[in-house]
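Below is coords_20.pdb, holding PDB, C-alpha atoms and all ligand atoms.
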```pdb
MODEL        1
ATOM      1  CA  MET A  27     -10.781  18.668 -30.512
ATOM      2  CA  LYS A  28      -8.807  17.298 -27.597
ATOM      3  CA  ASP A  29      -6.700  14.138 -27.705
ATOM      4  CA  ILE A  30      -7.838  11.469 -25.270
ATOM      5  CA  LEU A  31      -6.434   8.002 -24.677
ATOM      6  CA  ILE A  32      -8.808   5.300 -23.461
ATOM      7  CA  ILE A  33      -7.001   2.511 -21.620
ATOM      8  CA  HIS A  34      -9.050  -0.635 -21.179
ATOM      9  CA  THR A  35      -8.222  -2.921 -18.257
ATOM     10  CA  GLY A  36     -11.225  -5.277 -18.179
ATOM     11  CA  GLY A  37     -14.264  -5.584 -15.925
ATOM     12  CA  THR A  38     -17.954  -5.763 -16.747
ATOM     13  CA  ILE A  39     -17.601  -2.765 -19.064
ATOM     14  CA  SER A  40     -15.505  -4.999 -21.318
ATOM     15  CA  MET A  41     -17.615  -8.134 -20.889
ATOM     16  CA  LEU A  42     -20.636  -9.647 -22.597
ATOM     17  CA  GLU A  43     -23.469 -11.735 -21.245
ATOM     18  CA  ASP A  44     -23.656 -15.234 -22.696
ATOM     19  CA  LYS A  45     -27.305 -15.448 -23.765
ATOM     20  CA  ASN A  46     -27.397 -19.229 -23.254
ATOM     21  CA  THR A  47     -25.942 -19.489 -19.766
ATOM     22  CA  GLY A  48     -26.474 -15.956 -18.450
ATOM     23  CA  ALA A  49     -22.824 -15.837 -17.388
ATOM     24  CA  VAL A  50     -21.122 -12.474 -17.821
ATOM     25  CA  LYS A  51     -17.645 -13.097 -19.216
ATOM     26  CA  THR A  52     -14.564 -11.460 -20.614
ATOM     27  CA  SER A  53     -14.691 -11.226 -24.389
ATOM     28  CA  ASP A  54     -11.665 -11.369 -26.675
ATOM     29  CA  LYS A  55     -12.549  -8.192 -28.478
ATOM     30  CA  HIS A  56     -13.554  -5.187 -26.360
ATOM     31  CA  PRO A  57     -17.290  -4.769 -27.126
ATOM     32  CA  LEU A  58     -17.097  -0.991 -26.935
ATOM     33  CA  THR A  59     -14.554  -0.698 -29.727
ATOM     34  CA  ASP A  60     -17.531  -1.164 -32.101
ATOM     35  CA  PHE A  61     -18.530   2.356 -31.081
ATOM     36  CA  SER A  62     -15.191   3.952 -31.945
ATOM     37  CA  ALA A  63     -16.702   6.183 -34.636
ATOM     38  CA  LEU A  64     -19.128   7.679 -32.125
ATOM     39  CA  LEU A  65     -16.340   8.258 -29.594
ATOM     40  CA  GLN A  66     -14.518  10.320 -32.230
ATOM     41  CA  THR A  67     -17.321  12.870 -32.223
ATOM     42  CA  TYR A  68     -16.282  13.920 -28.699
ATOM     43  CA  ALA A  69     -12.502  13.915 -29.055
ATOM     44  CA  ASN A  70      -9.613  12.500 -31.048
ATOM     45  CA  VAL A  71      -9.727   9.171 -29.290
ATOM     46  CA  GLU A  72      -7.123   6.457 -29.265
ATOM     47  CA  GLU A  73      -7.732   3.179 -27.463
ATOM     48  CA  MET A  74      -5.473   0.530 -26.047
ATOM     49  CA  ILE A  75      -5.900  -2.587 -23.954
ATOM     50  CA  GLU A  76      -3.378  -2.632 -21.102
ATOM     51  CA  PHE A  77      -4.834  -5.818 -19.618
ATOM     52  CA  ASN A  78      -8.195  -7.542 -19.725
ATOM     53  CA  LEU A  79      -8.993  -8.726 -16.217
ATOM     54  CA  PRO A  80     -12.004  -8.973 -13.960
ATOM     55  CA  SER A  81     -11.167  -6.501 -11.245
ATOM     56  CA  PRO A  82     -11.009  -9.042  -8.361
ATOM     57  CA  GLN A  83      -7.794 -10.115 -10.112
ATOM     58  CA  ILE A  84      -6.298  -6.624 -10.138
ATOM     59  CA  THR A  85      -3.391  -6.338  -7.679
ATOM     60  CA  PRO A  86      -1.245  -3.345  -6.707
ATOM     61  CA  LYS A  87       1.331  -4.551  -9.255
ATOM     62  CA  TYR A  88      -1.208  -4.038 -12.057
ATOM     63  CA  MET A  89      -2.070  -0.642 -10.539
ATOM     64  CA  LEU A  90       1.608   0.317 -10.678
ATOM     65  CA  GLN A  91       1.856  -0.952 -14.269
ATOM     66  CA  LEU A  92      -1.107   1.249 -15.167
ATOM     67  CA  ALA A  93       0.379   4.253 -13.376
ATOM     68  CA  LYS A  94       3.646   3.791 -15.265
ATOM     69  CA  LYS A  95       1.792   3.526 -18.579
ATOM     70  CA  ILE A  96      -0.094   6.744 -17.853
ATOM     71  CA  GLU A  97       3.126   8.546 -16.827
ATOM     72  CA  GLN A  98       4.751   7.347 -20.032
ATOM     73  CA  VAL A  99       2.022   8.598 -22.394
ATOM     74  CA  ILE A 100       0.328  11.499 -20.616
ATOM     75  CA  SER A 101       2.384  14.183 -22.372
ATOM     76  CA  LEU A 102       0.906  13.045 -25.713
ATOM     77  CA  TYR A 103      -2.727  13.489 -24.654
ATOM     78  CA  ASP A 104      -5.042  16.010 -23.023
ATOM     79  CA  GLY A 105      -6.543  13.378 -20.766
ATOM     80  CA  ILE A 106      -6.861   9.674 -20.034
ATOM     81  CA  VAL A 107      -9.959   7.527 -19.509
ATOM     82  CA  VAL A 108      -9.438   4.135 -17.884
ATOM     83  CA  THR A 109     -12.130   1.463 -18.077
ATOM     84  CA  HIS A 110     -11.998  -0.928 -15.116
ATOM     85  CA  GLY A 111     -14.050  -3.517 -13.258
ATOM     86  CA  THR A 112     -16.138  -1.936 -10.548
ATOM     87  CA  ASP A 113     -15.264  -4.317  -7.689
ATOM     88  CA  THR A 114     -11.825  -2.814  -7.063
ATOM     89  CA  LEU A 115     -12.146   0.325  -9.167
ATOM     90  CA  GLU A 116     -11.941   2.561  -6.103
ATOM     91  CA  GLU A 117      -8.603   1.055  -5.063
ATOM     92  CA  THR A 118      -7.040   1.501  -8.495
ATOM     93  CA  ALA A 119      -8.426   5.043  -8.703
ATOM     94  CA  TYR A 120      -6.964   5.923  -5.304
ATOM     95  CA  PHE A 121      -3.644   4.266  -6.103
ATOM     96  CA  LEU A 122      -3.354   6.363  -9.281
ATOM     97  CA  ASP A 123      -4.427   9.444  -7.357
ATOM     98  CA  LEU A 124      -1.613   8.907  -4.855
ATOM     99  CA  VAL A 125       1.161   8.328  -7.374
ATOM    100  CA  LEU A 126       0.336  10.437 -10.467
ATOM    101  CA  ALA A 127       1.627  13.988 -10.460
ATOM    102  CA  THR A 128      -0.237  15.218 -13.558
ATOM    103  CA  ASP A 129      -2.794  18.045 -13.552
ATOM    104  CA  LYS A 130      -4.496  16.544 -16.631
ATOM    105  CA  PRO A 131      -7.769  14.656 -16.211
ATOM    106  CA  VAL A 132      -7.426  10.964 -15.449
ATOM    107  CA  ILE A 133     -10.896   9.421 -15.276
ATOM    108  CA  LEU A 134     -11.859   5.896 -14.250
ATOM    109  CA  THR A 135     -15.129   4.373 -15.249
ATOM    110  CA  GLY A 136     -16.820   0.986 -15.367
ATOM    111  CA  ALA A 137     -20.229  -0.543 -15.789
ATOM    112  CA  MET A 138     -22.662  -2.401 -13.595
ATOM    113  CA  ARG A 139     -24.259  -4.130 -16.617
ATOM    114  CA  SER A 140     -22.254  -5.502 -19.499
ATOM    115  CA  SER A 141     -22.648  -4.120 -23.015
ATOM    116  CA  ASN A 142     -25.320  -6.511 -24.275
ATOM    117  CA  GLU A 143     -27.503  -6.559 -21.133
ATOM    118  CA  ILE A 144     -30.763  -4.648 -21.065
ATOM    119  CA  GLY A 145     -30.212  -1.189 -19.618
ATOM    120  CA  SER A 146     -26.440  -1.444 -19.906
ATOM    121  CA  ASP A 147     -24.552   1.538 -18.551
ATOM    122  CA  ALA A 148     -21.301   0.504 -20.285
ATOM    123  CA  PHE A 149     -21.254   2.787 -23.294
ATOM    124  CA  TYR A 150     -23.102   5.547 -21.449
ATOM    125  CA  ASN A 151     -20.469   5.711 -18.702
ATOM    126  CA  LEU A 152     -17.667   5.650 -21.264
ATOM    127  CA  ILE A 153     -19.182   8.583 -23.182
ATOM    128  CA  SER A 154     -19.786  10.487 -19.919
ATOM    129  CA  SER A 155     -16.155   9.956 -18.907
ATOM    130  CA  LEU A 156     -14.976  11.184 -22.277
ATOM    131  CA  ARG A 157     -17.118  14.295 -21.939
ATOM    132  CA  VAL A 158     -15.634  14.966 -18.493
ATOM    133  CA  ALA A 159     -12.099  14.317 -19.757
ATOM    134  CA  VAL A 160     -12.416  16.998 -22.463
ATOM    135  CA  ASP A 161     -13.890  19.563 -20.082
ATOM    136  CA  ASP A 162     -11.341  22.172 -18.978
ATOM    137  CA  LYS A 163     -12.731  22.150 -15.439
ATOM    138  CA  ALA A 164     -11.751  18.510 -14.994
ATOM    139  CA  LYS A 165      -8.091  19.495 -14.737
ATOM    140  CA  ASN A 166      -6.366  19.693 -11.368
ATOM    141  CA  ASN A 167      -8.832  17.496  -9.526
ATOM    142  CA  GLY A 168      -6.658  14.440  -9.179
ATOM    143  CA  VAL A 169      -8.036  11.142 -10.388
ATOM    144  CA  LEU A 170     -11.794  11.173 -10.936
ATOM    145  CA  VAL A 171     -14.386   8.422 -11.114
ATOM    146  CA  VAL A 172     -17.317   9.003 -13.465
ATOM    147  CA  MET A 173     -20.274   6.661 -13.092
ATOM    148  CA  ASN A 174     -24.010   7.134 -13.484
ATOM    149  CA  ASP A 175     -23.887  10.871 -14.275
ATOM    150  CA  GLU A 176     -21.767  11.697 -11.215
ATOM    151  CA  ILE A 177     -18.157  12.823 -10.872
ATOM    152  CA  HIS A 178     -16.377  11.630  -7.728
ATOM    153  CA  ILE A 179     -12.865  12.093  -6.460
ATOM    154  CA  ALA A 180     -10.840   8.927  -6.044
ATOM    155  CA  GLU A 181     -10.281   9.470  -2.341
ATOM    156  CA  ASN A 182     -13.950   9.569  -1.402
ATOM    157  CA  VAL A 183     -15.722   7.272  -3.819
ATOM    158  CA  THR A 184     -16.786   3.753  -2.909
ATOM    159  CA  LYS A 185     -18.969   1.049  -4.409
ATOM    160  CA  THR A 186     -22.070   0.984  -2.218
ATOM    161  CA  SER A 187     -24.281  -1.465  -4.080
ATOM    162  CA  THR A 188     -23.515  -4.824  -5.617
ATOM    163  CA  SER A 189     -25.713  -4.346  -8.669
ATOM    164  CA  ASN A 190     -27.555  -1.020  -8.728
ATOM    165  CA  LEU A 191     -26.522   1.362 -11.506
ATOM    166  CA  ALA A 192     -26.171   4.086  -8.851
ATOM    167  CA  ALA A 193     -23.569   2.008  -7.010
ATOM    168  CA  PHE A 194     -20.813   4.594  -6.673
ATOM    169  CA  LYS A 195     -21.142   7.174  -3.909
ATOM    170  CA  SER A 196     -18.915   9.450  -1.873
ATOM    171  CA  PRO A 197     -20.613   8.929   1.498
ATOM    172  CA  GLN A 198     -19.073  11.690   3.557
ATOM    173  CA  TYR A 199     -18.885  14.446   0.951
ATOM    174  CA  GLY A 200     -20.930  13.619  -2.155
ATOM    175  CA  PRO A 201     -19.805  13.876  -5.768
ATOM    176  CA  ILE A 202     -17.849  16.949  -6.890
ATOM    177  CA  GLY A 203     -19.831  17.293 -10.088
ATOM    178  CA  ILE A 204     -22.551  15.959 -12.309
ATOM    179  CA  VAL A 205     -22.933  15.077 -15.963
ATOM    180  CA  THR A 206     -26.057  16.461 -17.620
ATOM    181  CA  ARG A 207     -27.294  16.226 -21.200
ATOM    182  CA  GLU A 208     -26.107  19.755 -21.856
ATOM    183  CA  SER A 209     -23.033  20.196 -19.745
ATOM    184  CA  ILE A 210     -20.537  19.047 -17.160
ATOM    185  CA  ILE A 211     -21.057  20.823 -13.857
ATOM    186  CA  PHE A 212     -18.427  20.901 -11.110
ATOM    187  CA  HIS A 213     -19.845  22.172  -7.830
ATOM    188  CA  HIS A 214     -16.910  21.476  -5.507
ATOM    189  CA  SER A 215     -13.213  21.931  -5.927
ATOM    190  CA  ILE A 216     -10.578  19.908  -4.146
ATOM    191  CA  HIS A 217      -7.151  20.646  -2.789
ATOM    192  CA  ARG A 218      -4.462  18.624  -4.516
ATOM    193  CA  LYS A 219      -2.114  16.615  -2.395
ATOM    194  CA  HIS A 220       1.356  15.303  -2.612
ATOM    195  CA  ALA A 221       2.109  12.558  -5.160
ATOM    196  CA  TYR A 222       4.171   9.660  -3.827
ATOM    197  CA  SER A 223       6.681   7.753  -5.862
ATOM    198  CA  PRO A 224       6.768   4.268  -4.391
ATOM    199  CA  VAL A 225      10.218   2.773  -4.620
ATOM    200  CA  HIS A 226       8.718  -0.713  -4.649
ATOM    201  CA  LEU A 227       5.503  -2.473  -3.735
ATOM    202  CA  SER A 228       7.017  -5.462  -2.040
ATOM    203  CA  LYS A 229       5.702  -4.750   1.440
ATOM    204  CA  LYS A 230       3.032  -6.929   2.963
ATOM    205  CA  VAL A 231       0.145  -4.888   4.338
ATOM    206  CA  LEU A 232      -2.911  -6.624   5.769
ATOM    207  CA  LEU A 233      -6.404  -5.365   6.521
ATOM    208  CA  LEU A 234      -8.574  -6.529   9.409
ATOM    209  CA  LYS A 235     -12.129  -5.573  10.267
ATOM    210  CA  ALA A 236     -13.147  -5.388  13.920
ATOM    211  CA  PHE A 237     -16.315  -7.079  15.127
ATOM    212  CA  ALA A 238     -18.236  -7.607  18.346
ATOM    213  CA  GLY A 239     -16.575 -10.450  20.212
ATOM    214  CA  MET A 240     -13.260 -10.166  18.332
ATOM    215  CA  ASP A 241     -10.601 -11.786  20.469
ATOM    216  CA  GLU A 242      -6.842 -12.145  20.146
ATOM    217  CA  GLN A 243      -6.950 -14.946  17.540
ATOM    218  CA  LEU A 244      -6.724 -12.908  14.337
ATOM    219  CA  LEU A 245      -4.170 -10.439  15.685
ATOM    220  CA  LYS A 246      -2.106 -13.317  17.029
ATOM    221  CA  ALA A 247      -2.145 -14.945  13.571
ATOM    222  CA  VAL A 248      -1.239 -11.639  11.945
ATOM    223  CA  TYR A 249       1.607 -11.123  14.428
ATOM    224  CA  HIS A 250       3.062 -14.463  13.401
ATOM    225  CA  THR A 251       2.960 -13.669   9.682
ATOM    226  CA  ASP A 252       5.768 -11.805   8.071
ATOM    227  CA  LEU A 253       3.977  -8.478   7.740
ATOM    228  CA  ASP A 254       5.167  -4.899   7.241
ATOM    229  CA  GLY A 255       2.021  -2.984   8.036
ATOM    230  CA  LEU A 256      -1.527  -3.441   9.290
ATOM    231  CA  VAL A 257      -4.735  -1.508   8.711
ATOM    232  CA  ILE A 258      -7.670  -2.097  11.044
ATOM    233  CA  GLU A 259     -11.238  -1.006  10.426
ATOM    234  CA  GLY A 260     -12.088  -0.311  14.037
ATOM    235  CA  LEU A 261     -15.400   0.212  15.764
ATOM    236  CA  GLY A 262     -17.154   3.588  15.873
ATOM    237  CA  GLN A 263     -14.811   6.504  16.514
ATOM    238  CA  GLY A 264     -11.821   4.155  16.660
ATOM    239  CA  ASN A 265     -12.139   1.490  19.338
ATOM    240  CA  LEU A 266     -11.378  -2.219  19.546
ATOM    241  CA  PRO A 267     -12.507  -5.043  21.829
ATOM    242  CA  LYS A 268     -10.084  -5.206  24.759
ATOM    243  CA  GLN A 269      -9.078  -8.807  23.971
ATOM    244  CA  THR A 270      -7.264  -7.556  20.857
ATOM    245  CA  VAL A 271      -4.947  -5.209  22.725
ATOM    246  CA  LYS A 272      -2.294  -7.724  23.834
ATOM    247  CA  TYR A 273      -1.298  -8.783  20.312
ATOM    248  CA  LEU A 274      -1.804  -5.293  18.954
ATOM    249  CA  GLN A 275       0.841  -4.152  21.426
ATOM    250  CA  LYS A 276       3.166  -6.943  20.302
ATOM    251  CA  ILE A 277       2.720  -5.881  16.676
ATOM    252  CA  ILE A 278       3.495  -2.255  17.537
ATOM    253  CA  ASP A 279       6.478  -3.308  19.674
ATOM    254  CA  ALA A 280       7.791  -5.153  16.612
ATOM    255  CA  GLN A 281       7.862  -1.731  14.833
ATOM    256  CA  ILE A 282       5.043  -2.709  12.484
ATOM    257  CA  PRO A 283       2.894   0.356  11.741
ATOM    258  CA  VAL A 284      -0.794  -0.039  12.552
ATOM    259  CA  VAL A 285      -3.237   2.356  10.880
ATOM    260  CA  LEU A 286      -6.774   2.682  12.216
ATOM    261  CA  VAL A 287      -9.876   3.734  10.261
ATOM    262  CA  SER A 288     -13.494   3.188  11.207
ATOM    263  CA  ARG A 289     -15.714   0.450   9.891
ATOM    264  CA  CYS A 290     -18.446   3.142   9.833
ATOM    265  CA  TYR A 291     -18.626   4.628   6.367
ATOM    266  CA  GLN A 292     -19.042   8.174   7.654
ATOM    267  CA  GLY A 293     -17.443  10.202  10.410
ATOM    268  CA  ILE A 294     -13.915  10.296  11.709
ATOM    269  CA  VAL A 295     -11.768   8.300  14.097
ATOM    270  CA  GLN A 296     -10.437  10.147  17.122
ATOM    271  CA  PRO A 297      -9.090   9.134  20.516
ATOM    272  CA  VAL A 298     -12.183   9.649  22.662
ATOM    273  CA  TYR A 299     -12.655   6.633  24.902
ATOM    274  CA  GLY A 300     -10.423   5.783  27.841
ATOM    275  CA  TYR A 301     -11.551   2.183  28.478
ATOM    276  CA  ASP A 302      -9.454  -0.876  27.561
ATOM    277  CA  GLY A 303      -9.359  -1.009  23.765
ATOM    278  CA  GLY A 304     -10.759   2.527  23.562
ATOM    279  CA  GLY A 305      -9.309   5.073  21.148
ATOM    280  CA  LYS A 306      -7.277   6.903  23.800
ATOM    281  CA  GLN A 307      -5.462   3.746  24.774
ATOM    282  CA  LEU A 308      -4.882   2.785  21.124
ATOM    283  CA  LYS A 309      -3.468   6.213  20.339
ATOM    284  CA  GLU A 310      -1.136   6.069  23.356
ATOM    285  CA  MET A 311       0.055   2.650  22.202
ATOM    286  CA  GLY A 312       1.153   4.221  18.909
ATOM    287  CA  VAL A 313      -1.720   3.311  16.612
ATOM    288  CA  ILE A 314      -1.913   5.813  13.713
ATOM    289  CA  PHE A 315      -5.390   7.296  13.289
ATOM    290  CA  THR A 316      -6.432   8.354   9.794
ATOM    291  CA  ASN A 317      -9.589   9.811   8.350
ATOM    292  CA  GLY A 318     -11.570   9.999   5.160
ATOM    293  CA  LEU A 319     -10.385   6.600   3.946
ATOM    294  CA  THR A 320     -11.996   3.197   3.811
ATOM    295  CA  GLY A 321      -9.940   0.239   5.031
ATOM    296  CA  PRO A 322      -8.976  -0.868   1.485
ATOM    297  CA  LYS A 323      -7.851   2.665   0.589
ATOM    298  CA  ALA A 324      -5.864   3.100   3.812
ATOM    299  CA  ARG A 325      -4.188  -0.184   2.910
ATOM    300  CA  ILE A 326      -3.266   1.117  -0.563
ATOM    301  CA  LYS A 327      -1.848   4.277   1.012
ATOM    302  CA  LEU A 328       0.179   2.334   3.590
ATOM    303  CA  LEU A 329       1.501   0.030   0.876
ATOM    304  CA  ILE A 330       2.636   3.001  -1.209
ATOM    305  CA  ALA A 331       3.991   4.873   1.815
ATOM    306  CA  LEU A 332       6.013   1.870   2.988
ATOM    307  CA  GLY A 333       7.433   1.624  -0.522
ATOM    308  CA  GLN A 334       8.921   5.035   0.162
ATOM    309  CA  SER A 335       9.820   4.911   3.847
ATOM    310  CA  SER A 336       8.868   3.145   7.056
ATOM    311  CA  ASP A 337       9.927   6.097   9.179
ATOM    312  CA  LYS A 338       7.421   6.501  12.014
ATOM    313  CA  PHE A 339       7.258  10.298  11.743
ATOM    314  CA  PHE A 340       6.776  10.187   7.970
ATOM    315  CA  LEU A 341       3.886   7.746   8.379
ATOM    316  CA  LYS A 342       2.271   9.747  11.179
ATOM    317  CA  ARG A 343       2.514  12.919   9.107
ATOM    318  CA  ILE A 344       0.966  11.522   5.944
ATOM    319  CA  PHE A 345      -1.800   9.646   7.724
ATOM    320  CA  GLU A 346      -2.634  12.051  10.528
ATOM    321  CA  GLU A 347      -1.850  15.454   9.061
ATOM    322  CA  GLU A 348      -2.216  15.221   5.273
ATOM    323  CA  VAL A 349      -5.888  14.323   5.377
TER
HETATM  324  N1  LIG B   1     -16.959  -8.295 -11.029
HETATM  325  C1  LIG B   1     -16.819  -7.235 -12.004
HETATM  326  C2  LIG B   1     -15.404  -6.677 -11.942
HETATM  327  O1  LIG B   1     -15.107  -5.946 -11.016
HETATM  328  C3  LIG B   1     -17.787  -6.173 -11.723
HETATM  329  C4  LIG B   1     -17.755  -5.000 -12.647
HETATM  330  O2  LIG B   1     -16.874  -4.769 -13.399
HETATM  331  O3  LIG B   1     -18.737  -4.233 -12.581
HETATM  332  O4  LIG B   1     -14.608  -6.943 -12.809
ENDMDL
END
```
As structure tokens, what does this structure read like?
Ligand code: ASP
Amino acid sequence: MKDILIIHTGGTISMLEDKNTGAVKTSDKHPLTDFSALLQTYANVEEMIEFNLPSPQITPKYMLQLAKKIEQVISLYDGIVVTHGTDTLEETAYFLDLVLATDKPVILTGAMRSSNEIGSDAFYNLISSLRVAVDDKAKNNGVLVVMNDEIHIAENVTKTSTSNLAAFKSPQYGPIGIVTRESIIFHHSIHRKHAYSPVHLSKKVLLLKAFAGMDEQLLKAVYHTDLDGLVIEGLGQGNLPKQTVKYLQKIIDAQIPVVLVSRCYQGIVQPVYGYDGGGKQLKEMGVIFTNGLTGPKARIKLLIALGQSSDKFFLKRIFEEEV
């Protein structure tokens, strides 16, 4: 049997519902450790608690701590399963995907319903992740997210529902595999990308979402903060209201990289429109267009990239070419 390490970090999968108040809360003892004997029927499983946090409290520093832990222990195991809160699971998964260089399976999972709620998916998702982690085909796919019988790559997956068990989807491309009663089926393969080693995570990278009627106010405020990078979820194929352009130009003139994704959850950004605030103008101003990433993931990538270098050509290459 293979050797798998389960690293618990918190989230609903590690919580219990208080039957008196209905509140779902962190519990001192991880509820799923009661099932350790059953886990051992799938692999030689060891478990550890790295931290026990609801995922809205997970920051890039915790993500880096987790990455370092995995780097430190990966040679001792055939694969790693990380349990995590679902709210920011996709950001941690993508962070790990960007910085880990291993070809071994690293799987993130969580639960939409805590262990003692009716119809809980907590133990089911953990078992499914374990089954994927021991499958030879899981290797070389980067960091994977296993939820609700589907296998997603970290780059594409996003939480699409606040409470439905089928919350995790990869909108543009779909999952790369499924978990069935009998087997693990991979139906897509992915091309592995470069792993970054961030020197530090001290840069300040902000994320803004464009909206109809957006004026200069937010960009002006951002310009006056001490920031190192900005990600904007723009409109459609990559456009902004024209009132934003003045302060956007000031931000770019101050050598602060601005990365543009779309607030649409499918499709790509490209410099199509020539009107004020249109993609062509933004591109000419020096805005970096990137594709296949949500705003939060583009922010994680910019944070990691800036930890390595703020060179304009480096940033353009990794955001515009390595996608
Ligand atoms: N709010 C919870 C968290 O992200 C949700 C979950 O884990 O499903 O920690």
Requested in this report: Taking the file above as input, evaluate the PyMOL selection byres (((not hetatm)) within 12 of (chain B and resi 1)) and report the hits as an MDAnalysis selection string.
Outcome: chainID A and resid 34:42 49:52 77:84 109:118 134:141 146:148 151 173 185 187:194
**Report entry** Residue neighbourhood region 69-73 of chain A, 6 Å, only C-alpha atoms, exclusion window fewer than 5 positions, as a list in words
**Finding:**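 The residues satisfying every condition are Met27, Lys28, Asp29, Ile30, Leu31, Ile32 and Ile33 of chain A.
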Query - Spatial neighbours of region 201-208 of chain A, 10 Å, only C-alpha atoms, chain gap at least 4 places, as a VMD selection string - result: chain A and resid 154 to 155 157 to 158 164 167 170 to 179 182 to 183 194 to 197 212 to 216
Query raised in the report: Which value, in Å to one decimal, gives the distance between CA of Ser62 (chain A) and CA of Ile100 (chain A)?
Result: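 Separation of CA of Ser62 (chain A) and CA of Ile100 (chain A): 20.6 Å.
If only C-alpha atoms are the atoms counted, then among A:Val169, A:Val287, A:Met89, A:Leu152 the closest residue to Phe61 (chain A) is A:Leu152.
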Query raised in the report: Which neighbours of region 328-339 of chain A fall inside 10 Å, counting only C-alpha atoms, when residues of the same chain fewer than 4 positions from it are skipped, and could you give them as a PyMOL selection string?
Result: chain A and resi 86+90+121+124-125+222-232+254-257+281-285+312+314+322-324+343-345
Which polymer residues have any atom within 8 Å of an atom of Ala236 (chain A), counting only C-alpha atoms, with same-chain residues fewer than 2 positions away left out, as a compact mmCIF listing (two decimals) with C-alpha atoms, in the frame of the given file?
```txt
# COMPACT_ATOMS: atom_id res chain seq x y z
CA LEU A 234 -8.57 -6.53 9.41
CA ALA A 238 -18.24 -7.61 18.35
CA MET A 240 -13.26 -10.17 18.33
CA ILE A 258 -7.67 -2.10 11.04
CA GLU A 259 -11.24 -1.01 10.43
CA GLY A 260 -12.09 -0.31 14.04
CA LEU A 261 -15.40 0.21 15.76
CA LEU A 266 -11.38 -2.22 19.55
CA PRO A 267 -12.51 -5.04 21.83
CA ARG A 289 -15.71 0.45 9.89
```
Requested in this report: Provide the CA of Thr270 (chain A) to CA of Glu242 (chain A) distance in Å, to one decimal place.
Outcome: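 Value for the CA of Thr270 (chain A)-CA of Glu242 (chain A) distance: 4.7 Å.
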**Report entry** Distance criterion (only C-alpha atoms): nearest to Ile106 (chain A) out of A:Val160, A:Lys327, A:Leu64, A:Ile211
**Finding:**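 Closest residue, counting only C-alpha atoms: A:Val160.
Taking CA of Val107 (chain A) and CA of Tyr120 (chain A) as the two end points, the separation is 14.6 Å.
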Requested in this report: List, as a list of chain:residue names, every residue that the PyMOL selection byres (((chain A and resi 318) around 10) and not hetatm) selects in the file provided.
Outcome: A:Glu181, A:Asn182, A:Pro197, A:Gln198, A:Tyr199, A:Val287, A:Ser288, A:Tyr291, A:Gln292, A:Gly293, A:Ile294, A:Val295, A:Thr316, A:Asn317, A:Leu319, A:Thr320, A:Gly321, A:Lys323, A:Ala324, A:Val349
Would you output that residue set with C-alpha atoms, as an mmCIF file, keeping the file's coordinate frame?
```cif
data_model
loop_
_atom_site.group_PDB
_atom_site.id
_atom_site.type_symbol
_atom_site.label_atom_id
_atom_site.label_comp_id
_atom_site.auth_asym_id
_atom_site.auth_seq_id
_atom_site.Cartn_x
_atom_site.Cartn_y
_atom_site.Cartn_z
ATOM 1 C CA GLU A 181 -10.281 9.470 -2.341
ATOM 2 C CA ASN A 182 -13.950 9.569 -1.402
ATOM 3 C CA PRO A 197 -20.613 8.929 1.498
ATOM 4 C CA GLN A 198 -19.073 11.690 3.557
ATOM 5 C CA TYR A 199 -18.885 14.446 0.951
ATOM 6 C CA VAL A 287 -9.876 3.734 10.261
ATOM 7 C CA SER A 288 -13.494 3.188 11.207
ATOM 8 C CA TYR A 291 -18.626 4.628 6.367
ATOM 9 C CA GLN A 292 -19.042 8.174 7.654
ATOM 10 C CA GLY A 293 -17.443 10.202 10.410
ATOM 11 C CA ILE A 294 -13.915 10.296 11.709
ATOM 12 C CA VAL A 295 -11.768 8.300 14.097
ATOM 13 C CA THR A 316 -6.432 8.354 9.794
ATOM 14 C CA ASN A 317 -9.589 9.811 8.350
ATOM 15 C CA LEU A 319 -10.385 6.600 3.946
ATOM 16 C CA THR A 320 -11.996 3.197 3.811
ATOM 17 C CA GLY A 321 -9.940 0.239 5.031
ATOM 18 C CA LYS A 323 -7.851 2.665 0.589
ATOM 19 C CA ALA A 324 -5.864 3.100 3.812
ATOM 20 C CA VAL A 349 -5.888 14.323 5.377
#
```
Would you give the centre and edge lengths, in Å to one decimal, of a box along x, y and z around the listed atoms of region 172-189 of chain A, with 5 Å added to each side, as JSON?
```
{"center_x": -18.0, "center_y": 4.0, "center_z": -7.8, "size_x": 25.4, "size_y": 27.6, "size_z": 22.9}
```
Report task. Taking the file above as input, evaluate the PyMOL selection byres (((chain A and resi 298-304) around 8) and not hetatm) and report the hits as number ranges by chain. Result -> A: 263-271, 296-297, 305-308
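Among the candidate residues A:Glu348, A:Ile277, A:Ile133, A:Leu286, the one lying nearest to His217 (chain A) is A:Glu348, with distances computed using only C-alpha atoms.
With distances restricted to all atoms listed in the file, A:Tyr68 is the closest residue to Ala159 (chain A) from A:Gln243, A:Tyr68, A:Lys87, A:Met74.
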